[in-house]
file my_file.csv (CSV, C-alpha atoms)
chain,number,residue,atom,x,y,z
A,1,MET,CA,92.2,-126.7,105.1
A,2,ASN,CA,95.6,-125.8,106.5
A,3,ASN,CA,97.1,-127.8,109.4
A,4,ALA,CA,97.8,-125.5,112.4
A,5,VAL,CA,101.1,-126.6,113.9
A,6,ILE,CA,102.8,-125.8,117.1
A,7,VAL,CA,106.4,-124.7,116.6
A,8,ASP,CA,107.1,-123.8,120.2
A,9,VAL,CA,105.4,-123.1,123.6
A,10,VAL,CA,107.0,-121.5,126.6
A,11,ARG,CA,106.0,-120.2,130.0
A,12,THR,CA,107.5,-118.3,132.9
A,13,PRO,CA,108.0,-120.0,136.3
A,14,SER,CA,105.0,-119.9,138.6
A,15,GLY,CA,105.3,-117.2,141.3
A,16,LYS,CA,103.1,-117.1,144.4
A,17,GLY,CA,100.3,-114.6,143.6
A,18,LYS,CA,100.7,-112.4,146.6
A,19,PRO,CA,102.9,-109.5,147.6
A,20,GLY,CA,106.4,-110.8,148.1
A,21,GLY,CA,105.9,-113.6,145.6
A,22,SER,CA,108.9,-114.2,143.3
A,23,LEU,CA,107.3,-112.4,140.3
A,24,SER,CA,105.2,-109.9,142.2
A,25,SER,CA,107.5,-107.0,141.4
A,26,VAL,CA,107.1,-107.5,137.7
A,27,HIS,CA,104.4,-105.6,135.8
A,28,PRO,CA,102.1,-108.1,134.1
A,29,ALA,CA,102.7,-106.5,130.7
A,30,GLU,CA,106.4,-107.1,131.1
A,31,LEU,CA,105.7,-110.6,132.3
A,32,LEU,CA,103.9,-111.3,129.0
A,33,ALA,CA,106.4,-109.4,127.0
A,34,THR,CA,109.1,-111.6,128.4
A,35,VAL,CA,107.6,-114.8,126.9
A,36,LEU,CA,106.8,-113.0,123.6
A,37,ARG,CA,110.3,-111.7,123.3
A,38,GLU,CA,111.9,-115.1,124.1
A,39,LEU,CA,109.5,-117.1,121.8
A,40,VAL,CA,110.6,-115.0,118.8
A,41,ALA,CA,114.3,-114.9,119.8
A,42,ARG,CA,114.7,-118.7,120.4
A,43,ASN,CA,113.0,-119.5,117.1
A,44,ASP,CA,115.0,-116.8,115.2
A,45,ILE,CA,112.1,-115.3,113.4
A,46,ASP,CA,111.3,-111.7,112.5
A,47,ALA,CA,108.4,-110.5,114.6
A,48,ALA,CA,107.1,-108.7,111.6
A,49,VAL,CA,105.8,-112.0,110.2
A,50,ILE,CA,103.4,-112.4,113.1
A,51,ASP,CA,99.8,-111.8,111.9
A,52,ASP,CA,98.3,-111.5,115.3
A,53,VAL,CA,98.8,-112.0,119.0
A,54,ILE,CA,95.9,-113.4,121.0
A,55,ALA,CA,96.3,-113.3,124.8
A,56,GLY,CA,94.1,-114.6,127.6
A,57,CYS,CA,93.7,-112.5,130.8
A,58,VAL,CA,90.9,-112.9,133.3
A,59,SER,CA,91.1,-109.8,135.6
A,60,GLN,CA,91.2,-107.1,132.9
A,61,GLY,CA,91.5,-104.2,135.3
A,62,GLY,CA,94.2,-102.1,136.9
A,63,GLU,CA,97.6,-103.0,135.4
A,64,GLN,CA,95.9,-105.6,133.2
A,65,ALA,CA,93.4,-103.3,131.6
A,66,ILE,CA,93.3,-101.6,128.2
A,67,ASN,CA,94.2,-104.6,126.1
A,68,ILE,CA,97.3,-105.9,127.9
A,69,ALA,CA,98.2,-108.1,124.9
A,70,ARG,CA,98.9,-104.9,122.8
A,71,THR,CA,100.8,-103.3,125.6
A,72,ALA,CA,103.0,-106.4,125.9
A,73,VAL,CA,103.5,-106.6,122.1
A,74,LEU,CA,104.9,-103.0,122.2
A,75,ALA,CA,106.9,-103.6,125.4
A,76,ALA,CA,108.4,-106.7,123.8
A,77,GLY,CA,109.8,-104.5,120.9
A,78,PHE,CA,107.6,-106.0,118.2
A,79,PRO,CA,106.9,-103.8,115.2
A,80,GLU,CA,103.9,-101.6,115.6
A,81,SER,CA,102.4,-103.5,112.6
A,82,VAL,CA,101.8,-106.5,114.8
A,83,PRO,CA,98.2,-106.4,116.3
A,84,ALA,CA,97.1,-108.0,119.5
A,85,THR,CA,93.9,-108.6,121.4
A,86,THR,CA,93.0,-109.8,124.9
A,87,ILE,CA,90.2,-112.4,125.5
A,88,ASP,CA,88.5,-113.7,128.6
A,89,ARG,CA,87.1,-117.2,128.8
A,90,GLN,CA,87.9,-117.3,132.5
A,91,CYS,CA,90.4,-120.0,133.4
A,92,GLY,CA,90.5,-121.3,129.8
A,93,SER,CA,91.4,-118.0,128.3
A,94,SER,CA,94.8,-118.9,126.9
A,95,GLN,CA,93.5,-122.3,125.8
A,96,GLN,CA,90.8,-120.5,123.9
A,97,ALA,CA,93.5,-118.1,122.6
A,98,ALA,CA,95.3,-121.1,121.1
A,99,GLN,CA,92.0,-122.4,119.6
A,100,PHE,CA,91.3,-119.0,118.0
A,101,ALA,CA,94.8,-118.9,116.7
A,102,ALA,CA,94.6,-122.4,115.2
A,103,GLN,CA,91.3,-121.6,113.6
A,104,ALA,CA,92.8,-118.5,112.0
A,105,ILE,CA,95.6,-120.6,110.6
A,106,MET,CA,93.3,-123.5,109.4
A,107,SER,CA,90.9,-121.1,107.7
A,108,GLY,CA,93.8,-119.4,105.8
A,109,THR,CA,93.2,-115.9,107.3
A,110,SER,CA,96.5,-116.0,109.1
A,111,ASP,CA,99.9,-117.7,108.6
A,112,VAL,CA,101.6,-117.0,112.0
A,113,VAL,CA,99.8,-116.3,115.3
A,114,ILE,CA,101.0,-116.3,118.9
A,115,ALA,CA,98.5,-117.5,121.5
A,116,ALA,CA,99.5,-116.3,124.9
A,117,GLY,CA,98.2,-115.5,128.4
A,118,VAL,CA,99.1,-113.7,131.5
A,119,GLU,CA,97.9,-113.2,135.1
A,120,SER,CA,99.5,-111.3,137.9
A,121,MET,CA,97.3,-112.3,140.8
A,122,SER,CA,99.6,-110.5,143.2
A,123,ARG,CA,99.2,-107.1,141.5
A,124,VAL,CA,95.7,-107.5,140.1
A,125,PRO,CA,93.9,-109.6,142.7
A,126,MET,CA,91.2,-112.1,141.5
A,127,PHE,CA,87.8,-110.4,141.1
A,128,SER,CA,89.3,-106.9,141.5
A,129,SER,CA,88.0,-106.0,138.0
A,130,ALA,CA,84.4,-106.9,138.9
A,131,MET,CA,83.8,-103.6,140.6
A,132,GLY,CA,81.7,-105.0,143.4
A,133,GLN,CA,79.6,-107.3,141.2
A,134,ASP,CA,78.8,-110.8,142.3
A,135,PRO,CA,77.7,-113.9,140.3
A,136,ASN,CA,74.1,-113.1,141.2
A,137,VAL,CA,73.6,-109.9,139.1
A,138,ALA,CA,70.1,-108.8,138.6
A,139,PRO,CA,69.6,-110.2,135.1
A,140,LEU,CA,70.3,-113.7,136.4
A,141,ARG,CA,68.1,-113.7,139.5
A,142,HIS,CA,65.0,-114.9,137.6
A,143,ARG,CA,66.9,-117.9,136.3
A,144,TYR,CA,68.8,-118.8,139.5
A,145,PRO,CA,66.5,-117.5,142.3
A,146,ASP,CA,68.5,-119.3,145.0
A,147,GLY,CA,71.7,-117.7,143.7
A,148,LEU,CA,74.9,-119.0,142.2
A,149,VAL,CA,78.0,-119.8,144.2
A,150,SER,CA,81.7,-119.4,144.1
A,151,GLN,CA,84.0,-122.0,142.5
A,152,GLY,CA,85.1,-123.2,145.9
A,153,ILE,CA,81.5,-124.1,146.8
A,154,ALA,CA,81.1,-125.7,143.4
A,155,ALA,CA,84.1,-127.9,144.2
A,156,GLU,CA,82.6,-128.8,147.5
A,157,LEU,CA,79.3,-129.8,145.8
A,158,LEU,CA,81.1,-131.9,143.2
A,159,ALA,CA,83.2,-133.7,145.9
A,160,ALA,CA,80.0,-134.5,147.8
A,161,ARG,CA,78.0,-135.7,144.7
A,162,TRP,CA,80.9,-137.8,143.4
A,163,LYS,CA,81.6,-139.1,146.9
A,164,LEU,CA,85.2,-137.9,146.9
A,165,ASP,CA,86.3,-137.9,150.5
A,166,ARG,CA,88.9,-135.6,152.1
A,167,GLU,CA,91.5,-138.3,152.2
A,168,THR,CA,91.2,-139.0,148.5
A,169,LEU,CA,91.5,-135.2,147.7
A,170,ASP,CA,94.6,-134.8,149.8
A,171,GLU,CA,96.2,-137.9,148.4
A,172,TYR,CA,95.7,-136.5,144.9
A,173,ALA,CA,97.1,-133.1,145.9
A,174,ALA,CA,100.2,-134.7,147.4
A,175,ARG,CA,100.6,-136.6,144.1
A,176,SER,CA,100.6,-133.4,142.2
A,177,HIS,CA,103.5,-132.0,144.3
A,178,ARG,CA,105.4,-135.2,144.1
A,179,LEU,CA,105.1,-135.4,140.2
A,180,ALA,CA,105.9,-131.7,139.9
A,181,THR,CA,109.0,-132.2,142.0
A,182,THR,CA,110.2,-135.1,139.9
A,183,VAL,CA,108.7,-135.4,136.4
A,184,ALA,CA,107.9,-131.7,135.8
A,185,ALA,CA,111.4,-130.6,137.0
A,186,GLU,CA,113.0,-133.1,134.6
A,187,GLN,CA,111.0,-131.7,131.7
A,188,ALA,CA,111.2,-128.0,132.5
A,189,ALA,CA,114.3,-127.1,130.6
A,190,GLY,CA,112.5,-126.8,127.2
A,191,GLN,CA,109.6,-124.7,128.4
A,192,LEU,CA,110.6,-122.5,131.3
A,193,ILE,CA,111.7,-119.0,130.5
A,194,PRO,CA,113.8,-117.2,133.3
A,195,VAL,CA,112.4,-113.9,134.4
A,196,ASP,CA,114.7,-111.1,135.5
A,197,VAL,CA,113.5,-109.3,138.6
A,198,VAL,CA,114.7,-106.1,140.2
A,199,GLU,CA,113.6,-105.5,143.8
A,200,ASP,CA,114.9,-102.6,146.0
A,201,GLY,CA,117.7,-102.1,143.4
A,202,VAL,CA,118.9,-105.7,143.6
A,203,SER,CA,118.7,-107.8,140.4
A,204,ARG,CA,118.0,-111.6,140.4
A,205,THR,CA,116.6,-114.2,138.0
A,206,VAL,CA,113.6,-116.4,138.8
A,207,ARG,CA,114.2,-119.8,137.2
A,208,THR,CA,112.0,-122.3,139.0
A,209,ASP,CA,108.3,-122.7,140.1
A,210,GLU,CA,107.8,-121.1,143.5
A,211,THR,CA,104.5,-122.9,144.1
A,212,VAL,CA,105.8,-126.5,144.2
A,213,ARG,CA,106.3,-127.9,147.7
A,214,PRO,CA,108.5,-131.0,147.6
A,215,ALA,CA,107.8,-132.0,151.2
A,216,THR,CA,104.1,-132.1,150.9
A,217,THR,CA,102.3,-135.2,152.1
A,218,ALA,CA,98.7,-136.2,152.4
A,219,GLU,CA,99.1,-136.3,156.2
A,220,ARG,CA,100.3,-132.7,156.3
A,221,LEU,CA,97.5,-131.6,154.0
A,222,GLY,CA,95.0,-133.4,156.3
A,223,ALA,CA,95.8,-130.9,159.0
A,224,LEU,CA,94.5,-127.9,157.0
A,225,ALA,CA,91.1,-126.5,157.7
A,226,PRO,CA,88.3,-126.2,155.0
A,227,VAL,CA,88.3,-122.6,153.6
A,228,PHE,CA,84.8,-122.1,152.1
A,229,ARG,CA,82.4,-123.1,154.9
A,230,ASN,CA,79.9,-120.7,156.4
A,231,ASP,CA,76.7,-121.3,158.3
A,232,ALA,CA,74.4,-120.0,155.6
A,233,LEU,CA,75.9,-122.3,152.9
A,234,ALA,CA,76.0,-125.2,155.3
A,235,ALA,CA,72.3,-124.8,155.8
A,236,ARG,CA,71.6,-124.5,152.1
A,237,PHE,CA,73.8,-127.5,151.1
A,238,PRO,CA,73.6,-130.1,153.9
A,239,GLU,CA,75.2,-132.7,151.6
A,240,ILE,CA,78.6,-130.8,151.6
A,241,THR,CA,81.2,-132.5,153.8
A,242,TRP,CA,83.6,-129.4,153.7
A,243,SER,CA,86.7,-131.0,152.3
A,244,ILE,CA,88.2,-128.2,150.1
A,245,THR,CA,91.3,-126.6,151.6
A,246,ALA,CA,94.1,-124.4,150.5
A,247,GLY,CA,96.2,-127.6,150.1
A,248,ASN,CA,93.9,-129.4,147.6
A,249,SER,CA,93.1,-126.3,145.6
A,250,SER,CA,95.3,-124.5,143.1
A,251,PRO,CA,97.2,-121.5,144.6
A,252,LEU,CA,97.0,-117.9,143.6
A,253,THR,CA,99.7,-117.5,141.0
A,254,ASP,CA,101.6,-115.1,138.8
A,255,GLY,CA,102.8,-116.2,135.3
A,256,ALA,CA,102.6,-115.9,131.6
A,257,SER,CA,102.7,-118.4,128.6
A,258,ALA,CA,103.0,-118.2,124.8
A,259,ALA,CA,102.7,-120.6,121.9
A,260,LEU,CA,104.0,-120.0,118.3
A,261,ILE,CA,101.4,-121.4,115.9
A,262,MET,CA,101.5,-121.4,112.1
A,263,THR,CA,100.8,-123.2,108.9
A,264,GLU,CA,103.0,-126.1,107.9
A,265,GLN,CA,104.0,-124.3,104.8
A,266,LYS,CA,105.1,-121.2,106.7
A,267,ALA,CA,107.1,-123.3,109.1
A,268,ALA,CA,108.9,-124.9,106.2
A,269,THR,CA,109.6,-121.5,104.6
A,270,LEU,CA,111.0,-120.2,107.9
A,271,GLY,CA,113.1,-123.4,108.4
A,272,LEU,CA,111.2,-124.4,111.6
A,273,ARG,CA,110.3,-127.9,112.7
A,274,PRO,CA,106.7,-128.3,113.9
A,275,ARG,CA,106.4,-130.1,117.1
A,276,ALA,CA,102.7,-130.9,117.0
A,277,ARG,CA,99.5,-130.1,115.2
A,278,PHE,CA,96.1,-129.2,116.5
A,279,HIS,CA,93.8,-132.2,115.9
A,280,SER,CA,90.4,-131.3,117.3
A,281,PHE,CA,88.7,-128.7,119.5
A,282,ALA,CA,85.5,-128.3,121.6
A,283,VAL,CA,84.0,-125.8,123.9
A,284,THR,CA,80.8,-126.3,125.9
A,285,GLY,CA,78.6,-124.7,128.5
A,286,SER,CA,77.6,-126.5,131.6
A,287,ASP,CA,75.6,-126.2,134.8
A,288,ALA,CA,76.3,-122.7,136.1
A,289,LEU,CA,75.9,-123.8,139.7
A,290,LEU,CA,78.2,-126.8,139.6
A,291,MET,CA,80.3,-125.0,137.1
A,292,LEU,CA,83.5,-127.1,137.2
A,293,ASP,CA,82.2,-130.4,135.7
A,294,GLY,CA,82.1,-128.9,132.2
A,295,VAL,CA,85.3,-130.9,131.5
A,296,ILE,CA,83.1,-134.0,131.1
A,297,PRO,CA,80.9,-132.8,128.2
A,298,ALA,CA,83.8,-130.9,126.6
A,299,THR,CA,85.9,-134.0,126.6
A,300,ALA,CA,83.1,-136.2,125.2
A,301,LYS,CA,82.5,-133.6,122.4
A,302,VAL,CA,86.2,-133.3,121.4
A,303,LEU,CA,86.7,-137.1,121.4
A,304,GLN,CA,83.6,-137.5,119.2
A,305,ARG,CA,84.8,-134.9,116.8
A,306,ALA,CA,88.3,-136.5,116.7
A,307,GLY,CA,86.9,-140.0,116.1
A,308,LEU,CA,89.1,-141.2,119.0
A,309,SER,CA,88.4,-143.0,122.3
A,310,ILE,CA,89.9,-142.1,125.7
A,311,ASP,CA,92.2,-145.1,125.3
A,312,ASP,CA,93.7,-143.6,122.1
A,313,ILE,CA,95.0,-140.6,124.1
A,314,ASP,CA,98.5,-140.9,125.5
A,315,ALA,CA,98.4,-138.1,128.1
A,316,TYR,CA,95.6,-136.0,129.6
A,317,GLU,CA,96.0,-132.5,131.1
A,318,VAL,CA,92.9,-131.8,133.2
A,319,ASN,CA,93.4,-128.5,135.0
A,320,GLU,CA,93.6,-128.9,138.8
A,321,ALA,CA,91.7,-125.9,139.8
A,322,PHE,CA,90.5,-128.1,142.7
A,323,ALA,CA,91.3,-131.7,143.3
A,324,PRO,CA,87.7,-133.0,142.6
A,325,VAL,CA,87.8,-131.8,139.0
A,326,PRO,CA,90.5,-134.2,137.6
A,327,LEU,CA,89.3,-137.0,139.9
A,328,LEU,CA,85.7,-136.9,138.8
A,329,TRP,CA,86.9,-136.6,135.1
A,330,GLN,CA,89.1,-139.6,135.5
A,331,ARG,CA,86.3,-141.6,137.1
A,332,HIS,CA,83.7,-140.7,134.5
A,333,PHE,CA,85.8,-141.7,131.6
A,334,GLY,CA,87.5,-144.6,133.2
A,335,ALA,CA,90.8,-143.0,132.1
A,336,ASP,CA,94.2,-144.4,133.0
A,337,PRO,CA,95.2,-142.5,136.2
A,338,ASP,CA,98.9,-142.8,135.2
A,339,LYS,CA,98.2,-140.7,132.1
A,340,LEU,CA,96.4,-138.0,134.1
A,341,ASN,CA,98.5,-134.9,134.7
A,342,PRO,CA,101.7,-137.0,134.6
A,343,ALA,CA,104.0,-134.1,135.5
A,344,GLY,CA,101.7,-132.8,138.2
A,345,GLY,CA,99.2,-130.0,137.8
A,346,ALA,CA,97.9,-126.7,139.0
A,347,ILE,CA,97.7,-127.7,142.6
A,348,ALA,CA,101.5,-127.7,142.6
A,349,LEU,CA,102.5,-125.8,139.4
A,350,GLY,CA,100.1,-123.0,140.0
A,351,HIS,CA,97.1,-121.5,138.2
A,352,PRO,CA,97.8,-118.1,136.8
A,353,LEU,CA,94.3,-117.9,135.4
A,354,GLY,CA,94.7,-116.3,131.9
A,355,ALA,CA,98.1,-118.1,131.4
A,356,SER,CA,97.1,-121.6,132.5
A,357,GLY,CA,95.9,-122.9,129.2
A,358,GLY,CA,99.4,-122.3,127.8
A,359,ARG,CA,101.0,-123.9,130.8
A,360,LEU,CA,98.9,-127.0,130.3
A,361,LEU,CA,99.8,-127.1,126.6
A,362,ALA,CA,103.5,-126.7,127.4
A,363,SER,CA,103.3,-129.6,129.9
A,364,LEU,CA,101.3,-131.8,127.5
A,365,LEU,CA,103.6,-131.3,124.5
A,366,THR,CA,106.8,-131.7,126.6
A,367,HIS,CA,105.5,-135.0,128.1
A,368,LEU,CA,104.4,-136.4,124.7
A,369,GLU,CA,107.9,-135.7,123.3
A,370,ALA,CA,109.6,-137.2,126.4
A,371,THR,CA,107.6,-140.4,126.2
A,372,GLY,CA,107.0,-140.8,122.5
A,373,GLY,CA,103.2,-140.4,122.8
A,374,ARG,CA,101.1,-139.4,119.8
A,375,TYR,CA,97.9,-137.8,121.1
A,376,GLY,CA,97.4,-135.5,124.0
A,377,LEU,CA,94.2,-134.0,125.4
A,378,GLN,CA,93.8,-130.9,127.6
A,379,THR,CA,90.7,-129.6,129.2
A,380,MET,CA,89.9,-126.9,131.7
A,381,CYS,CA,86.8,-126.0,133.7
A,382,GLU,CA,85.9,-122.3,133.6
A,383,GLY,CA,83.9,-119.8,135.7
A,384,GLY,CA,80.3,-119.5,134.8
A,385,GLY,CA,80.0,-123.1,133.8
A,386,MET,CA,82.1,-123.7,130.6
A,387,ALA,CA,85.0,-125.8,129.5
A,388,ASN,CA,87.4,-126.1,126.6
A,389,ALA,CA,88.9,-129.3,125.3
A,390,THR,CA,91.8,-129.6,122.8
A,391,ILE,CA,93.5,-132.7,121.2
A,392,ILE,CA,97.0,-132.3,119.8
A,393,GLU,CA,99.0,-134.8,117.8
A,394,ARG,CA,102.8,-134.9,118.2
A,395,LEU,CA,104.7,-134.8,114.9

call {"tool": "encode", "arguments": {"input": "my_file.csv", "output": "structure tokens"}}
result
Amino acid sequence: MNNAVIVDVVRTPSGKGKPGGSLSSVHPAELLATVLRELVARNDIDAAVIDDVIAGCVSQGGEQAINIARTAVLAAGFPESVPATTIDRQCGSSQQAAQFAAQAIMSGTSDVVIAAGVESMSRVPMFSSAMGQDPNVAPLRHRYPDGLVSQGIAAELLAARWKLDRETLDEYAARSHRLATTVAAEQAAGQLIPVDVVEDGVSRTVRTDETVRPATTAERLGALAPVFRNDALAARFPEITWSITAGNSSPLTDGASAALIMTEQKAATLGLRPRARFHSFAVTGSDALLMLDGVIPATAKVLQRAGLSIDDIDAYEVNEAFAPVPLLWQRHFGADPDKLNPAGGAIALGHPLGASGGRLLASLLTHLEATGGRYGLQTMCEGGGMANATIIERL
């Protein structure tokens, strides 16, 4: 079996996912094309050698419809011979894209694949592609007669059941901004791709993450009101303490990411140095109501497959969709908190849904290289009760 190696991984800055955000004037296909174009250019390869482009995108409607991966490939100027497909595993879409890409490399069916992702939450709002559907569609009502809930309510349920109080959540959120302001900023040079923006005839270049707030403190976060409470849900779930706010959740975000993945032999032929290899993968389903705790069985599964313990891992990227997720993960595994999201996470760096898996991979690989670590683990909770987990090994 071939080793699947990571030659490079890049991402755009994170823009606020609302009108007026730093990337909101950029069409999502152009946002994705920007990272594809730069990935090829900075590694000095002919795009014609790419066997496939697999891109994650969650809201596949409006400007992100009709296979945005293929649109972006053509917009990037790649040869028409380069195919592309768009996939949706909710928040883990670009992590799943990397897994599919690596599996194609390992099986020998492809030599070079780009795994990518994009989400413009300012131009294609979350849930806008659902056309009025909700999680409680008719085919599910017999199985979940009381109804499923939004991810925000799932986060509230997990905080209550794991006894994570408001102060703990806000302290963790403030930590994310603090680390993003220091560690992530120091490590950004190798992964961030500037994006040229034209607004009202004026050109400018976006170079930094717009979602990071350096002045954030737990005390300031403590003044924010919970955002998901309503009377009906309060009556249904009396155990909820209503602790999830805009401050301890990931913000709506625009962004794109892309990773260049190939066989070791192809990298040698092209004169490229692999930075890491994919070691192990796992994907699991989990409780569709709690939804966000799938990171626990996914991590257990990938560690078992890898023959490693949590203490063998040098850094963990656990997506900060909501603060309870990495905190309950860390508590369950007894993991070293200093290794957890060591450059900050999605609460500060943003969560552009379909692109977030690539952003985590970029952060993880960059941190391993900066610290000399060997193994890194990333995992993401996903809508509907799923999670992906991946272990990479720095080379």

call {"tool": "closest_residue", "arguments": {"input": "my_file.csv", "among": "A:Asp88, A:Glu63, A:Glu369, A:Asp111", "to": "Ala267 in chain A", "atoms": "only C-alpha atoms"}}
result
A:Asp111

call {"tool": "closest_residue", "arguments": {"input": "my_file.csv", "among": "A:Arg89, A:Arg394, A:His27, A:Arg123", "to": "Ala355 in chain A", "atoms": "only C-alpha atoms"}}
result
A:Arg89

call {"tool": "atom_distance", "arguments": {"input": "my_file.csv", "atom1": "CA of Ile240 in chain A", "atom2": "CA of Thr253 in chain A"}}
result
27.1 Å

call {"tool": "atom_distance", "arguments": {"input": "my_file.csv", "atom1": "CA of Gly20 in chain A", "atom2": "CA of Phe228 in chain A"}}
result
24.7 Å

call {"tool": "closest_residue", "arguments": {"input": "my_file.csv", "among": "A:Asn2, A:Thr284, A:Asn341, A:Asn248", "to": "Ile105 in chain A", "atoms": "only C-alpha atoms"}}
result
A:Asn2

call {"tool": "closest_residue", "arguments": {"input": "my_file.csv", "among": "A:Thr216, A:Ser59, A:Ser280, A:Ser243", "to": "Glu393 in chain A", "atoms": "all atoms listed in the file"}}
result
A:Ser280

call {"tool": "residues_around", "arguments": {"input": "my_file.csv", "residues": "range 311-319 of chain A", "least_positions_apart": "4", "cutoff": "7 Å", "atoms": "only C-alpha atoms", "output": "list of chain:residue names"}}
result
A:Pro326, A:Lys339, A:Leu340, A:Asn341, A:Gly345, A:Ala346, A:Leu360, A:Leu364, A:Gly373, A:Arg374, A:Tyr375, A:Gly376, A:Leu377, A:Gln378, A:Thr379, A:Met380

call {"tool": "write_last_selection", "arguments": {"input": "my_file.csv", "atoms": "C-alpha atoms", "output": "PDB file, keeping the file's coordinate frame"}}
result
ATOM      1  CA  PRO A 326      90.500-134.200 137.600  1.00  0.00           C
ATOM      2  CA  LYS A 339      98.200-140.700 132.100  1.00  0.00           C
ATOM      3  CA  LEU A 340      96.400-138.000 134.100  1.00  0.00           C
ATOM      4  CA  ASN A 341      98.500-134.900 134.700  1.00  0.00           C
ATOM      5  CA  GLY A 345      99.200-130.000 137.800  1.00  0.00           C
ATOM      6  CA  ALA A 346      97.900-126.700 139.000  1.00  0.00           C
ATOM      7  CA  LEU A 360      98.900-127.000 130.300  1.00  0.00           C
ATOM      8  CA  LEU A 364     101.300-131.800 127.500  1.00  0.00           C
ATOM      9  CA  GLY A 373     103.200-140.400 122.800  1.00  0.00           C
ATOM     10  CA  ARG A 374     101.100-139.400 119.800  1.00  0.00           C
ATOM     11  CA  TYR A 375      97.900-137.800 121.100  1.00  0.00           C
ATOM     12  CA  GLY A 376      97.400-135.500 124.000  1.00  0.00           C
ATOM     13  CA  LEU A 377      94.200-134.000 125.400  1.00  0.00           C
ATOM     14  CA  GLN A 378      93.800-130.900 127.600  1.00  0.00           C
ATOM     15  CA  THR A 379      90.700-129.600 129.200  1.00  0.00           C
ATOM     16  CA  MET A 380      89.900-126.900 131.700  1.00  0.00           C
TER      17      MET A 380
END

call {"tool": "atom_distance", "arguments": {"input": "my_file.csv", "atom1": "CA of Asp336 in chain A", "atom2": "CA of Arg175 in chain A"}}
result
15.0 Å

call {"tool": "closest_residue", "arguments": {"input": "my_file.csv", "among": "A:Glu239, A:Glu38, A:Asp146, A:Asp52", "to": "Gly77 in chain A", "atoms": "only C-alpha atoms"}}
result
A:Glu38

call {"tool": "closest_residue", "arguments": {"input": "my_file.csv", "among": "A:Leu349, A:Ala215, A:Leu290, A:Leu31", "to": "Ala174 in chain A", "atoms": "only C-alpha atoms"}}
result
A:Ala215

call {"tool": "residues_around", "arguments": {"input": "my_file.csv", "residues": "Ile87 in chain A", "least_positions_apart": "6", "cutoff": "8 Å", "atoms": "all atoms listed in the file", "output": "list in words"}}
result
Ile54, Ala55, Gly56, Cys57, Val58, Ser93 and Ala97 of chain A

call {"tool": "residues_around", "arguments": {"input": "my_file.csv", "residues": "Leu272 in chain A", "least_positions_apart": "5", "cutoff": "12 Å", "atoms": "all atoms listed in the file", "output": "list in words"}}
result
Val5, Ile6, Val7, Asp8, Val40, Arg42, Asn43, Asp44, Ile45, Leu260, Ile261, Met262, Thr263, Glu264, Gln265, Lys266 and Ala267 of chain A

call {"tool": "residues_near_point", "arguments": {"input": "my_file.csv", "point": "(94.9, -117.0, 136.4)", "cutoff": "9 Å", "atoms": "all atoms listed in the file", "output": "list in words"}}
result
Cys57, Val58, Ser59, Gln90, Cys91, Ser93, Gly117, Val118, Glu119, Ser120, Met121, Met126, Leu252, Thr253, Asp254, Gly255, Gly350, His351, Pro352, Leu353, Gly354, Ala355 and Ser356 of chain A

call {"tool": "write_last_selection", "arguments": {"input": "my_file.csv", "atoms": "C-alpha atoms", "output": "PDB file, keeping the file's coordinate frame"}}
result
ATOM      1  CA  CYS A  57      93.700-112.500 130.800  1.00  0.00           C
ATOM      2  CA  VAL A  58      90.900-112.900 133.300  1.00  0.00           C
ATOM      3  CA  SER A  59      91.100-109.800 135.600  1.00  0.00           C
ATOM      4  CA  GLN A  90      87.900-117.300 132.500  1.00  0.00           C
ATOM      5  CA  CYS A  91      90.400-120.000 133.400  1.00  0.00           C
ATOM      6  CA  SER A  93      91.400-118.000 128.300  1.00  0.00           C
ATOM      7  CA  GLY A 117      98.200-115.500 128.400  1.00  0.00           C
ATOM      8  CA  VAL A 118      99.100-113.700 131.500  1.00  0.00           C
ATOM      9  CA  GLU A 119      97.900-113.200 135.100  1.00  0.00           C
ATOM     10  CA  SER A 120      99.500-111.300 137.900  1.00  0.00           C
ATOM     11  CA  MET A 121      97.300-112.300 140.800  1.00  0.00           C
ATOM     12  CA  MET A 126      91.200-112.100 141.500  1.00  0.00           C
ATOM     13  CA  LEU A 252      97.000-117.900 143.600  1.00  0.00           C
ATOM     14  CA  THR A 253      99.700-117.500 141.000  1.00  0.00           C
ATOM     15  CA  ASP A 254     101.600-115.100 138.800  1.00  0.00           C
ATOM     16  CA  GLY A 255     102.800-116.200 135.300  1.00  0.00           C
ATOM     17  CA  GLY A 350     100.100-123.000 140.000  1.00  0.00           C
ATOM     18  CA  HIS A 351      97.100-121.500 138.200  1.00  0.00           C
ATOM     19  CA  PRO A 352      97.800-118.100 136.800  1.00  0.00           C
ATOM     20  CA  LEU A 353      94.300-117.900 135.400  1.00  0.00           C
ATOM     21  CA  GLY A 354      94.700-116.300 131.900  1.00  0.00           C
ATOM     22  CA  ALA A 355      98.100-118.100 131.400  1.00  0.00           C
ATOM     23  CA  SER A 356      97.100-121.600 132.500  1.00  0.00           C
TER      24      SER A 356
END
